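This is entry25.csv (CSV, C-alpha atoms).
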chain,number,residue,atom,x,y,z
A,952,MET,CA,24.8,103.8,117.1
A,953,PRO,CA,25.3,103.3,120.9
A,954,ASP,CA,22.4,102.9,123.2
A,955,TYR,CA,22.1,105.3,126.1
A,956,ILE,CA,20.4,104.8,129.5
A,957,ILE,CA,18.7,108.2,129.0
A,958,GLU,CA,18.2,110.4,125.9
A,959,PRO,CA,21.5,112.3,125.4
A,960,PRO,CA,21.2,116.1,125.3
A,961,GLN,CA,21.1,117.8,122.0
A,962,PRO,CA,24.3,119.6,121.0
A,963,VAL,CA,24.4,123.3,121.3
A,964,GLY,CA,24.3,124.9,117.8
A,965,LEU,CA,24.9,128.6,116.9
A,966,PRO,CA,23.7,130.3,113.8
A,967,VAL,CA,26.3,131.2,111.1
A,968,ALA,CA,25.9,134.3,108.9
A,969,GLY,CA,25.1,133.3,105.3
A,970,SER,CA,24.5,129.6,106.1
A,971,ASP,CA,21.6,127.4,107.1
A,972,ALA,CA,23.9,125.1,109.0
A,973,LEU,CA,24.6,125.5,112.7
A,974,PHE,CA,28.0,125.6,114.4
A,975,PRO,CA,28.3,123.0,117.2
A,976,VAL,CA,29.8,124.2,120.5
A,977,ARG,CA,32.1,122.1,122.6
A,978,ARG,CA,33.6,124.3,125.3
A,979,VAL,CA,33.4,128.0,126.3
A,980,TYR,CA,36.5,129.7,127.7
A,981,CYS,CA,36.3,133.2,129.1
A,982,ILE,CA,39.5,135.4,129.6
A,983,GLY,CA,39.4,137.6,132.7
A,984,ARG,CA,40.4,141.2,132.8
A,985,ASN,CA,41.8,141.5,129.3
A,986,TYR,CA,41.5,145.3,129.1
A,987,ALA,CA,43.6,147.4,131.5
A,988,ALA,CA,40.9,149.9,132.4
A,989,HIS,CA,38.5,147.0,133.3
A,990,ALA,CA,41.2,145.4,135.4
A,991,ILE,CA,41.6,148.6,137.4
A,992,GLU,CA,37.8,148.9,137.6
A,993,MET,CA,37.6,145.5,139.2
A,994,GLY,CA,40.5,146.3,141.7
A,995,ASP,CA,43.2,144.4,139.9
A,996,ASP,CA,46.7,145.3,138.6
A,997,PRO,CA,46.6,146.1,134.9
A,998,ASP,CA,50.1,145.0,134.3
A,999,ARG,CA,50.6,142.2,131.7
A,1000,ASP,CA,50.3,139.2,134.0
A,1001,PRO,CA,49.7,135.8,132.4
A,1002,PRO,CA,46.0,135.6,131.5
A,1003,PHE,CA,43.5,133.6,133.5
A,1004,PHE,CA,40.4,131.8,132.2
A,1005,PHE,CA,37.2,130.5,133.6
A,1006,GLN,CA,34.5,128.4,131.8
A,1007,LYS,CA,30.9,128.8,131.0
A,1008,ASN,CA,28.8,125.8,129.8
A,1009,PRO,CA,28.1,125.4,126.1
A,1010,ASP,CA,24.4,125.8,126.6
A,1011,ASN,CA,25.0,129.2,128.4
A,1012,LEU,CA,25.5,130.6,124.9
A,1013,ASP,CA,22.1,131.9,123.8
A,1014,PRO,CA,21.3,133.1,120.3
A,1015,SER,CA,17.6,133.8,121.1
A,1016,GLY,CA,18.1,137.6,121.1
A,1017,GLU,CA,16.9,138.2,124.7
A,1018,PHE,CA,18.2,137.9,128.2
A,1019,PRO,CA,16.0,136.6,131.0
A,1020,TYR,CA,16.8,138.2,134.3
A,1021,PRO,CA,18.1,135.4,136.5
A,1022,THR,CA,17.0,134.3,139.9
A,1023,LYS,CA,19.0,134.6,143.2
A,1024,SER,CA,20.5,138.0,142.3
A,1025,ASP,CA,19.7,141.7,142.5
A,1026,ASP,CA,22.9,142.9,140.8
A,1027,VAL,CA,23.3,141.4,137.3
A,1028,HIS,CA,25.9,143.1,135.1
A,1029,TYR,CA,26.6,143.3,131.4
A,1030,GLU,CA,30.1,142.6,130.0
A,1031,ALA,CA,30.6,143.2,126.3
A,1032,GLU,CA,32.8,140.7,124.5
A,1033,MET,CA,34.0,139.5,121.2
A,1034,ALA,CA,33.7,135.7,120.8
A,1035,VAL,CA,36.4,133.7,118.9
A,1036,VAL,CA,35.1,130.5,117.4
A,1037,LEU,CA,37.5,127.6,116.6
A,1038,LYS,CA,37.3,125.3,113.7
A,1039,GLN,CA,40.3,123.1,114.7
A,1040,GLY,CA,42.3,122.6,117.9
A,1041,GLY,CA,45.4,121.1,119.2
A,1042,VAL,CA,48.0,121.5,122.0
A,1043,ASN,CA,50.9,123.9,122.2
A,1044,ILE,CA,49.7,125.9,119.2
A,1045,SER,CA,52.3,128.4,118.1
A,1046,LEU,CA,51.5,132.1,117.8
A,1047,ASP,CA,52.1,132.2,114.1
A,1048,GLN,CA,49.6,129.3,113.5
A,1049,ALA,CA,47.0,130.3,116.0
A,1050,LEU,CA,44.7,132.3,113.7
A,1051,ASP,CA,44.6,129.3,111.3
A,1052,HIS,CA,42.4,127.6,113.9
A,1053,VAL,CA,39.7,130.3,113.9
A,1054,PHE,CA,36.4,129.8,112.0
A,1055,GLY,CA,35.0,133.1,112.8
A,1056,TYR,CA,33.9,135.8,115.3
A,1057,ALA,CA,30.7,136.9,117.0
A,1058,LEU,CA,29.4,139.5,119.3
A,1059,SER,CA,28.6,138.3,122.8
A,1060,LEU,CA,27.8,139.3,126.4
A,1061,ASP,CA,29.1,137.7,129.5
A,1062,MET,CA,26.3,138.4,131.9
A,1063,THR,CA,27.3,138.2,135.5
A,1064,ARG,CA,25.5,137.8,138.8
A,1065,ARG,CA,27.9,140.3,140.4
A,1066,ASP,CA,26.7,139.9,143.9
A,1067,LEU,CA,27.1,136.1,143.9
A,1068,GLN,CA,30.5,136.4,142.1
A,1069,GLY,CA,31.6,138.9,144.7
A,1070,ALA,CA,30.6,136.6,147.6
A,1071,ALA,CA,32.4,133.7,146.0
A,1072,LYS,CA,35.6,135.8,145.6
A,1073,LYS,CA,35.6,136.8,149.2
A,1074,LYS,CA,35.6,133.2,150.2
A,1075,GLY,CA,38.1,132.1,147.5
A,1076,ARG,CA,35.5,130.0,145.8
A,1077,PRO,CA,34.9,129.3,142.1
A,1078,TRP,CA,32.9,131.8,140.1
A,1079,GLU,CA,30.4,129.4,138.4
A,1080,VAL,CA,27.4,130.6,140.5
A,1081,GLY,CA,28.0,134.1,139.2
A,1082,LYS,CA,29.0,133.3,135.7
A,1083,ALA,CA,27.7,130.0,134.4
A,1084,PHE,CA,24.0,130.3,134.9
A,1085,GLU,CA,21.4,129.6,132.2
A,1086,ARG,CA,21.4,131.9,129.2
A,1087,SER,CA,24.2,134.0,130.7
A,1088,ALA,CA,26.0,134.6,127.4
A,1089,PRO,CA,23.7,136.1,124.7
A,1090,ILE,CA,25.5,135.8,121.4
A,1091,GLY,CA,24.9,136.9,117.8
A,1092,PRO,CA,25.5,134.9,114.5
A,1093,ILE,CA,29.0,133.7,113.9
A,1094,LEU,CA,30.7,135.7,111.1
A,1095,PRO,CA,33.2,133.5,109.2
A,1096,VAL,CA,36.7,134.6,108.7
A,1097,ASP,CA,36.2,134.7,104.9
A,1098,GLN,CA,33.6,137.4,105.5
A,1099,VAL,CA,35.3,139.6,108.1
A,1100,GLY,CA,38.9,138.6,108.3
A,1101,HIS,CA,40.6,138.6,111.7
A,1102,PRO,CA,39.6,141.9,113.5
A,1103,SER,CA,42.5,143.1,115.6
A,1104,GLU,CA,41.2,146.7,116.0
A,1105,GLY,CA,37.8,148.4,115.8
A,1106,ARG,CA,35.6,150.3,118.2
A,1107,LEU,CA,33.5,148.4,120.7
A,1108,GLU,CA,30.5,150.1,122.3
A,1109,LEU,CA,27.7,148.8,124.6
A,1110,THR,CA,24.7,151.0,125.2
A,1111,VAL,CA,21.8,150.4,127.7
A,1112,ASN,CA,18.6,152.1,126.6
A,1113,GLY,CA,20.6,154.2,124.1
A,1114,GLU,CA,23.1,155.4,126.7
A,1115,THR,CA,26.8,154.5,126.2
A,1116,LYS,CA,28.1,152.4,129.1
A,1117,GLN,CA,31.1,150.6,127.7
A,1118,GLU,CA,33.5,151.7,124.9
A,1119,GLY,CA,36.9,150.7,123.8
A,1120,ASP,CA,38.8,149.3,120.9
A,1121,LEU,CA,39.8,145.7,120.2
A,1122,ASN,CA,43.4,146.9,119.9
A,1123,GLN,CA,43.3,147.6,123.7
A,1124,MET,CA,43.1,143.9,124.6
A,1125,ILE,CA,46.2,143.0,126.7
A,1126,TRP,CA,46.3,139.5,125.3
A,1127,LYS,CA,45.5,139.4,121.6
A,1128,VAL,CA,43.6,136.6,119.9
A,1129,PRO,CA,46.6,134.5,118.8
A,1130,GLU,CA,48.1,134.8,122.3
A,1131,MET,CA,44.9,133.6,123.9
A,1132,ILE,CA,44.7,130.6,121.7
A,1133,SER,CA,48.3,129.7,122.1
A,1134,TYR,CA,48.3,130.1,125.9
A,1135,LEU,CA,45.1,128.1,126.3
A,1136,SER,CA,46.5,125.3,124.2
A,1137,GLU,CA,49.4,124.9,126.7
A,1138,TYR,CA,46.9,123.9,129.4
A,1139,PHE,CA,44.0,122.3,127.5
A,1140,GLU,CA,43.7,120.3,124.3
A,1141,LEU,CA,41.6,122.7,122.2
A,1142,ALA,CA,39.2,121.2,119.7
A,1143,PRO,CA,36.8,122.2,116.9
A,1144,GLY,CA,33.7,123.9,118.4
A,1145,ASP,CA,35.6,125.7,121.2
A,1146,VAL,CA,34.6,129.3,121.8
A,1147,ILE,CA,36.7,131.9,123.6
A,1148,LEU,CA,35.2,135.1,125.0
A,1149,SER,CA,38.0,137.6,124.8
A,1150,GLY,CA,37.4,140.0,127.7
A,1151,THR,CA,35.5,143.3,128.3
A,1152,PRO,CA,36.5,147.0,128.5
A,1153,ALA,CA,35.7,149.2,131.5
A,1154,GLY,CA,32.2,150.4,132.2
A,1155,VAL,CA,30.5,147.2,133.4
A,1156,GLY,CA,27.3,147.8,135.3
A,1157,PRO,CA,23.8,146.6,136.2
A,1158,VAL,CA,20.7,146.0,134.2
A,1159,GLN,CA,17.0,145.6,135.1
A,1160,LYS,CA,14.0,144.0,133.4
A,1161,GLY,CA,12.9,146.2,130.6
A,1162,ASP,CA,16.3,147.5,129.7
A,1163,VAL,CA,17.7,147.0,126.2
A,1164,MET,CA,21.4,146.3,125.6
A,1165,GLU,CA,23.0,146.9,122.3
A,1166,LEU,CA,26.6,145.8,121.5
A,1167,THR,CA,28.3,147.1,118.4
A,1168,ILE,CA,31.8,146.1,117.3
A,1169,GLU,CA,33.2,147.9,114.2
A,1170,GLY,CA,33.3,145.4,111.3
A,1171,LEU,CA,31.2,142.9,113.1
A,1172,GLY,CA,27.8,144.7,113.3
A,1173,SER,CA,25.5,144.9,116.3
A,1174,LEU,CA,23.6,142.7,118.8
A,1175,ASN,CA,20.4,144.0,120.4
A,1176,VAL,CA,19.4,142.2,123.6
A,1177,PRO,CA,16.3,143.2,125.7
A,1178,VAL,CA,16.3,142.1,129.4
A,1179,VAL,CA,13.0,140.2,130.0
Any chance you could put this one into structure tokens?
Amino acid sequence: MPDYIIEPPQPVGLPVAGSDALFPVRRVYCIGRNYAAHAIEMGDDPDRDPPFFFQKNPDNLDPSGEFPYPTKSDDVHYEAEMAVVLKQGGVNISLDQALDHVFGYALSLDMTRRDLQGAAKKKGRPWEVGKAFERSAPIGPILPVDQVGHPSEGRLELTVNGETKQEGDLNQMIWKVPEMISYLSEYFELAPGDVILSGTPAGVGPVQKGDVMELTIEGLGSLNVPVV
């Protein structure tokens, strides 16, 4: 074993349904504006342009079951997502082989300091300050493919305090899961442990301390996340 100058950080591990073993996370890729209605909502053209991605940090994924309201923001928004978790990687992955790289799926939220993201956009700066803060991606247990298959359709709903805020269907994604994997692999060498957050439908909006978010995706169950 090599010696390190300081103690290396522990790897990020996510729970897996039906297993006591954890899934190690390598990278987190997030696809932007992958539902047409959300693209319009954010002032973009919903036509099928090439997808764009940004990254969160592995330890932004948080399976604790709660979301601490972050500092430096008064406008924190929910974005309901399906996470795609890879068991193998590569470069230039073909569409017909892309799903073979998937270990499973999970429910997740891409929480966003919208005011800080908006300020960065206006100056043409990166989004990390609005997107990649601590515990900014609550996530549920990973559901392996052998349990849930490859969901390509199914109702997605996010409620806040029991009131529906976002709803859509996985079949409304502009870029489907195989296309996301294939496209990403043209620009990055994907690897086991990579996680892709696959975009959010319209209806994003703010939360406050004391709110309770609940994300449900047909076939994948639900994720309940209080804001603390």
Would you mind reading off the distance between atom CA of A:Ser1045 and atom CA of A:Pro1095, one decimal, in Å? 21.7 Å
So what do you get for atom CA of A:Met1033 versus atom CA of A:Val1146, distance-wise?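 Separation between atom CA of A:Met1033 and atom CA of A:Val1146: 10.2 Å.
Compared by their closest atoms to A:Val1036, and using only C-alpha atoms, the residues A:Thr1022, A:Asn985, A:Ser1059, A:Ser1173 rank with A:Ser1059 nearest.
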What gap, in Å, lies between atom CA of A:Phe974 and atom CA of A:Pro960?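 We find that atom CA of A:Phe974 and atom CA of A:Pro960 lie 16.0 Å from each other.
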Counting all atoms listed in the file, what is within 12 Å of A:Glu1130, bar same-chain residues fewer than 3 positions away, as a PyMOL selection string? chain A and resi 982+985+1001-1002+1043-1050+1124-1127+1133-1137+1147+1149
Export C-alpha atoms of the chosen residues as a compact mmCIF listing (two decimals), keeping the file's coordinate frame?
# COMPACT_ATOMS: atom_id res chain seq x y z
CA ILE A 982 39.50 135.40 129.60
CA ASN A 985 41.80 141.50 129.30
CA PRO A 1001 49.70 135.80 132.40
CA PRO A 1002 46.00 135.60 131.50
CA ASN A 1043 50.90 123.90 122.20
CA ILE A 1044 49.70 125.90 119.20
CA SER A 1045 52.30 128.40 118.10
CA LEU A 1046 51.50 132.10 117.80
CA ASP A 1047 52.10 132.20 114.10
CA GLN A 1048 49.60 129.30 113.50
CA ALA A 1049 47.00 130.30 116.00
CA LEU A 1050 44.70 132.30 113.70
CA MET A 1124 43.10 143.90 124.60
CA ILE A 1125 46.20 143.00 126.70
CA TRP A 1126 46.30 139.50 125.30
CA LYS A 1127 45.50 139.40 121.60
CA SER A 1133 48.30 129.70 122.10
CA TYR A 1134 48.30 130.10 125.90
CA LEU A 1135 45.10 128.10 126.30
CA SER A 1136 46.50 125.30 124.20
CA GLU A 1137 49.40 124.90 126.70
CA ILE A 1147 36.70 131.90 123.60
CA SER A 1149 38.00 137.60 124.80
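Each of A:Val1128, A:Leu1094, A:Ala1070, A:Leu1148 was checked against A:Gly969 using all atoms listed in the file; the smallest atom-to-atom distance is that of A:Leu1094.
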Set the distance at 6 Å and use all atoms listed in the file: which residues neighbour stretch 1097-1111 of chain A once local chain neighbours fewer than 6 positions away are removed? I'd like the list as a list in words.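 What passes the distance filter is Gln1117, Glu1118, Gly1119, Asp1120, Leu1121, Asn1122, Val1163, Met1164, Glu1165, Leu1166, Thr1167, Ile1168 and Glu1169 of chain A.
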Those same residues - C-alpha atoms - I'd like them written as a PDB file, keeping the file's coordinate frame.
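part.pdb was written with the following content:
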ATOM      1  CA  GLN A1117      31.100 150.600 127.700  1.00  0.00           C
ATOM      2  CA  GLU A1118      33.500 151.700 124.900  1.00  0.00           C
ATOM      3  CA  GLY A1119      36.900 150.700 123.800  1.00  0.00           C
ATOM      4  CA  ASP A1120      38.800 149.300 120.900  1.00  0.00           C
ATOM      5  CA  LEU A1121      39.800 145.700 120.200  1.00  0.00           C
ATOM      6  CA  ASN A1122      43.400 146.900 119.900  1.00  0.00           C
ATOM      7  CA  VAL A1163      17.700 147.000 126.200  1.00  0.00           C
ATOM      8  CA  MET A1164      21.400 146.300 125.600  1.00  0.00           C
ATOM      9  CA  GLU A1165      23.000 146.900 122.300  1.00  0.00           C
ATOM     10  CA  LEU A1166      26.600 145.800 121.500  1.00  0.00           C
ATOM     11  CA  THR A1167      28.300 147.100 118.400  1.00  0.00           C
ATOM     12  CA  ILE A1168      31.800 146.100 117.300  1.00  0.00           C
ATOM     13  CA  GLU A1169      33.200 147.900 114.200  1.00  0.00           C
TER      14      GLU A1169
END
Need to verify the contact set: A:Arg1064, 7 Å, only C-alpha atoms, exclusion of same-chain residues closer than 6 positions in sequence. Can you return it as number ranges by chain? A: 1024, 1026-1028, 1081-1082
Go through A:Phe1054, A:Asp954, A:Val1158, A:Gly1144 and flag the residue nearest A:Pro975, using only C-alpha atoms for the distances.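 Ranked by minimum distance to A:Pro975, first place goes to A:Gly1144.
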List as a PyMOL selection string the residues having at least one atom at most 8 Å from position (26.2, 131.9, 128.8) as given in the file, counting all atoms listed in the file. chain A and resi 1007-1013+1060-1062+1082-1089
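Of the listed residues A:Val1096, A:Ile1090, A:Met1131, A:Leu1174, the one whose atoms come nearest to A:Leu965 is A:Ile1090, with distances taken using only C-alpha atoms.
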From the options A:Asn1112, A:Gln1068, A:Gln1123, A:Gln961, which residue's atoms come nearest to A:Asn1175, counting all atoms listed in the file?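 Selected residue with least distance to A:Asn1175: A:Asn1112.
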Can you work out which one of A:Leu1037, A:Tyr986, A:Gly1172, A:Phe1003 has the shortest atom-to-atom distance to A:Pro1143, counting all atoms listed in the file?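 The closest residue to A:Pro1143 is A:Leu1037.
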Determine, counting all atoms listed in the file, which protein, DNA and RNA residues have an atom within 7 Å of an atom of A:Gly1161; residues of the same chain fewer than 3 positions away are not included. Present the result as a VMD selection string. chain A and resid 1177 to 1179
Preceding selection exported with C-alpha atoms as a PDB file, in the coordinates of the input:
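again_1.pdb written:
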ATOM      1  CA  PRO A1177      16.300 143.200 125.700  1.00  0.00           C
ATOM      2  CA  VAL A1178      16.300 142.100 129.400  1.00  0.00           C
ATOM      3  CA  VAL A1179      13.000 140.200 130.000  1.00  0.00           C
TER       4      VAL A1179
END
